[in-house]
Amino acid sequence: MNNSNPVGARQQGGALVMVIVALFFGALLTLAIKLGPAYIDDLTIQEALESLEGTDGLSQMGSAEVRRLINKRLSINSIRGFDAKHISVDKNGEFVVINVDYEVRNNLFANVDSIVHFQHEYKLKGQ
């Protein structure tokens, strides 16, 4: 029963692979935790802007009124830290064209940052 390949020798290096896998999934989890809220906020901003479609008197509102309406909806949806200067409101006949162009910067760790850029255009028609 002299085995030239003991059980411990076959399992050598398994711990290193597990550490590498754990580090990889830890990095993915960190990215999801840091970047996820920016995408969730962007989806909420999109829903708030799309909900303006069919608003009474939207076509007759000035850009300041439309911007105030947008800020009110974003405040209701708990979107904080979003600056209204990233929203441009233009009129195109009976349509109101809303452009949203902004970026979110996050610190991932130490001196490594991420920048996520969002850009949307909406052509809305009020009642």
# chains A, B, ... in the order shown; residues from 1 in each chain; ligands from 1
>>> residues_around(residues="region 92-104 of chain A", least_positions_apart="5", cutoff="7 Å", atoms="only C-alpha atoms", output="compact mmCIF listing (two decimals) with N, CA and C atoms, in the first residue's frame")
# COMPACT_ATOMS: atom_id res chain seq x y z
N ALA A 38 -26.11 54.22 -9.78
CA ALA A 38 -26.12 55.19 -10.88
C ALA A 38 -27.08 54.73 -11.97
N SER A 59 -47.21 71.50 -24.12
CA SER A 59 -46.76 72.20 -25.32
C SER A 59 -46.76 73.71 -25.14
N HIS A 86 -28.27 69.79 -16.37
CA HIS A 86 -27.99 68.72 -17.34
C HIS A 86 -29.19 68.45 -18.26
N ILE A 87 -30.27 69.17 -18.04
CA ILE A 87 -31.48 68.99 -18.84
C ILE A 87 -31.66 70.22 -19.71
N ILE A 115 -16.36 56.61 -14.27
CA ILE A 115 -17.23 57.62 -14.85
C ILE A 115 -18.26 56.89 -15.71
N VAL A 116 -19.54 57.13 -15.41
CA VAL A 116 -20.62 56.54 -16.18
C VAL A 116 -21.37 57.68 -16.85
N HIS A 117 -21.48 57.64 -18.17
CA HIS A 117 -22.09 58.73 -18.93
C HIS A 117 -23.47 58.30 -19.44
N PHE A 118 -24.46 59.17 -19.23
CA PHE A 118 -25.81 58.89 -19.68
C PHE A 118 -26.26 60.01 -20.60
N GLN A 119 -26.95 59.64 -21.68
CA GLN A 119 -27.47 60.63 -22.63
C GLN A 119 -28.80 60.11 -23.18
N HIS A 120 -29.84 60.94 -23.05
CA HIS A 120 -31.17 60.56 -23.52
C HIS A 120 -31.83 61.75 -24.19
N GLU A 121 -32.70 61.46 -25.15
CA GLU A 121 -33.50 62.50 -25.80
C GLU A 121 -34.95 62.03 -25.84
N TYR A 122 -35.84 62.94 -25.47
CA TYR A 122 -37.26 62.64 -25.45
C TYR A 122 -38.00 63.67 -26.28
N LYS A 123 -38.90 63.21 -27.11
CA LYS A 123 -39.76 64.08 -27.89
C LYS A 123 -41.18 63.84 -27.35
N LEU A 124 -41.67 64.81 -26.59
CA LEU A 124 -42.95 64.62 -25.89
C LEU A 124 -44.00 65.56 -26.45
N LYS A 125 -45.22 65.09 -26.39
CA LYS A 125 -46.35 65.88 -26.85
C LYS A 125 -47.37 65.95 -25.72
>>> select_by_dssp(residues="region 18-75 of chain A", states="alpha helix (DSSP H)", output="count of residues only")
46
>>> atom_distance(atom1="CA of Asp90 (chain A)", atom2="CA of Ala48 (chain A)")
17.6 Å
>>> atom_distance(atom1="CA of Ala27 (chain A)", atom2="CA of Val112 (chain A)")
12.8 Å
>>> closest_residue(among="A:Leu58, A:Leu108, A:Ile45, A:Leu52", to="Asn77 (chain A)", atoms="only C-alpha atoms")
A:Ile45
>>> select_by_dssp(residues="region 61-101 of chain A", states="strand (DSSP E)", output="short mmCIF file (atom, residue, chain, number, x, y, z; two decimals) with N, CA and C atoms, in the first residue's frame")
data_model
loop_
_atom_site.label_atom_id
_atom_site.label_comp_id
_atom_site.auth_asym_id
_atom_site.auth_seq_id
_atom_site.Cartn_x
_atom_site.Cartn_y
_atom_site.Cartn_z
N ILE A 87 -30.27 69.17 -18.04
CA ILE A 87 -31.48 68.99 -18.84
C ILE A 87 -31.66 70.22 -19.71
N SER A 88 -31.82 70.00 -21.02
CA SER A 88 -32.15 71.11 -21.91
C SER A 88 -33.54 70.87 -22.48
N VAL A 89 -34.34 71.92 -22.49
CA VAL A 89 -35.72 71.84 -22.96
C VAL A 89 -35.86 72.76 -24.16
N ASP A 90 -36.27 72.20 -25.30
CA ASP A 90 -36.47 72.97 -26.52
C ASP A 90 -37.86 72.69 -27.06
N LYS A 91 -38.37 73.62 -27.83
CA LYS A 91 -39.68 73.44 -28.47
C LYS A 91 -39.46 73.18 -29.95
N ASN A 92 -40.21 72.23 -30.46
CA ASN A 92 -40.15 71.89 -31.88
C ASN A 92 -41.59 71.75 -32.35
N PHE A 95 -44.19 69.73 -30.27
CA PHE A 95 -43.42 68.81 -29.42
C PHE A 95 -42.49 69.58 -28.49
N VAL A 96 -42.25 69.01 -27.36
CA VAL A 96 -41.24 69.50 -26.43
C VAL A 96 -40.10 68.48 -26.47
N VAL A 97 -38.91 68.94 -26.81
CA VAL A 97 -37.75 68.06 -26.91
C VAL A 97 -36.90 68.25 -25.67
N ILE A 98 -36.72 67.17 -24.92
CA ILE A 98 -35.94 67.21 -23.68
C ILE A 98 -34.69 66.37 -23.89
N ASN A 99 -33.54 66.99 -23.69
CA ASN A 99 -32.25 66.29 -23.78
C ASN A 99 -31.65 66.22 -22.39
N VAL A 100 -31.20 65.03 -22.03
CA VAL A 100 -30.55 64.82 -20.75
C VAL A 100 -29.16 64.27 -21.06
N ASP A 101 -28.14 64.95 -20.56
CA ASP A 101 -26.76 64.54 -20.80
C ASP A 101 -25.97 64.79 -19.52
#
>>> closest_residue(among="A:Arg73, A:Gly126, A:Val66, A:Asp113", to="Leu31 (chain A)", atoms="only C-alpha atoms")
A:Asp113
>>> closest_residue(among="A:Ile70, A:Phe25, A:Leu16, A:Lys34", to="Asn107 (chain A)", atoms="only C-alpha atoms")
A:Lys34
>>> atom_distance(atom1="CA of Glu47 (chain A)", atom2="CA of Leu29 (chain A)")
26.4 Å
>>> residues_around(residues="Asp41 (chain A)", least_positions_apart="6", cutoff="10 Å", atoms="only C-alpha atoms", output="VMD selection string")
chain A and resid 47 74 77 to 80 82
>>> decode(residues="region 20-82 of chain A", atoms="C-alpha atoms", output="JSON list (two decimals), in the first residue's frame")
[["chain", "number", "residue", "atom", "x", "y", "z"],
["A", 20, "ILE", "CA", -8.31, 33.95, -7.09],
["A", 21, "VAL", "CA", -11.97, 33.07, -7.75],
["A", 22, "ALA", "CA", -13.03, 34.77, -4.49],
["A", 23, "LEU", "CA", -11.06, 37.92, -5.41],
["A", 24, "PHE", "CA", -12.62, 37.96, -8.90],
["A", 25, "PHE", "CA", -16.17, 37.69, -7.59],
["A", 26, "GLY", "CA", -15.38, 40.20, -4.84],
["A", 27, "ALA", "CA", -14.25, 42.70, -7.49],
["A", 28, "LEU", "CA", -17.45, 42.09, -9.48],
["A", 29, "LEU", "CA", -19.56, 42.58, -6.36],
["A", 30, "THR", "CA", -17.72, 45.82, -5.58],
["A", 31, "LEU", "CA", -18.41, 47.12, -9.10],
["A", 32, "ALA", "CA", -22.08, 46.19, -8.82],
["A", 33, "ILE", "CA", -22.42, 47.93, -5.46],
["A", 34, "LYS", "CA", -20.62, 51.08, -6.63],
["A", 35, "LEU", "CA", -22.10, 51.39, -10.15],
["A", 36, "GLY", "CA", -25.56, 49.90, -9.61],
["A", 37, "PRO", "CA", -27.13, 52.96, -7.93],
["A", 38, "ALA", "CA", -26.12, 55.19, -10.88],
["A", 39, "TYR", "CA", -27.99, 52.93, -13.31],
["A", 40, "ILE", "CA", -31.01, 52.64, -11.00],
["A", 41, "ASP", "CA", -31.16, 56.45, -10.68],
["A", 42, "ASP", "CA", -30.90, 56.78, -14.47],
["A", 43, "LEU", "CA", -33.83, 54.40, -14.94],
["A", 44, "THR", "CA", -35.84, 56.47, -12.46],
["A", 45, "ILE", "CA", -34.94, 59.68, -14.32],
["A", 46, "GLN", "CA", -36.03, 58.07, -17.60],
["A", 47, "GLU", "CA", -39.36, 56.99, -16.09],
["A", 48, "ALA", "CA", -39.95, 60.47, -14.67],
["A", 49, "LEU", "CA", -39.30, 62.12, -18.03],
["A", 50, "GLU", "CA", -41.36, 59.59, -19.99],
["A", 51, "SER", "CA", -44.26, 60.18, -17.60],
["A", 52, "LEU", "CA", -44.44, 63.77, -18.86],
["A", 53, "GLU", "CA", -45.98, 62.49, -22.10],
["A", 54, "GLY", "CA", -49.58, 63.63, -22.28],
["A", 55, "THR", "CA", -49.26, 66.22, -19.51],
["A", 56, "ASP", "CA", -51.93, 68.91, -19.81],
["A", 57, "GLY", "CA", -50.52, 72.09, -21.31],
["A", 58, "LEU", "CA", -47.01, 70.70, -21.83],
["A", 59, "SER", "CA", -46.76, 72.20, -25.32],
["A", 60, "GLN", "CA", -47.67, 75.65, -24.01],
["A", 61, "MET", "CA", -45.26, 75.61, -21.05],
["A", 62, "GLY", "CA", -42.03, 77.53, -21.16],
["A", 63, "SER", "CA", -38.73, 75.78, -20.63],
["A", 64, "ALA", "CA", -38.52, 77.04, -17.02],
["A", 65, "GLU", "CA", -41.95, 75.57, -16.25],
["A", 66, "VAL", "CA", -41.04, 72.23, -17.83],
["A", 67, "ARG", "CA", -37.76, 72.18, -15.90],
["A", 68, "ARG", "CA", -39.64, 72.93, -12.65],
["A", 69, "LEU", "CA", -42.08, 70.09, -13.42],
["A", 70, "ILE", "CA", -39.16, 67.73, -14.04],
["A", 71, "ASN", "CA", -37.44, 68.77, -10.80],
["A", 72, "LYS", "CA", -40.67, 68.16, -8.90],
["A", 73, "ARG", "CA", -40.98, 64.63, -10.32],
["A", 74, "LEU", "CA", -37.34, 63.85, -9.60],
["A", 75, "SER", "CA", -37.75, 65.10, -6.04],
["A", 76, "ILE", "CA", -40.81, 62.88, -5.57],
["A", 77, "ASN", "CA", -38.79, 59.91, -6.82],
["A", 78, "SER", "CA", -35.96, 60.69, -4.35],
["A", 79, "ILE", "CA", -33.38, 61.54, -6.98],
["A", 80, "ARG", "CA", -30.93, 63.74, -5.09],
["A", 81, "GLY", "CA", -27.70, 65.16, -6.42],
["A", 82, "PHE", "CA", -28.97, 65.43, -9.98]]
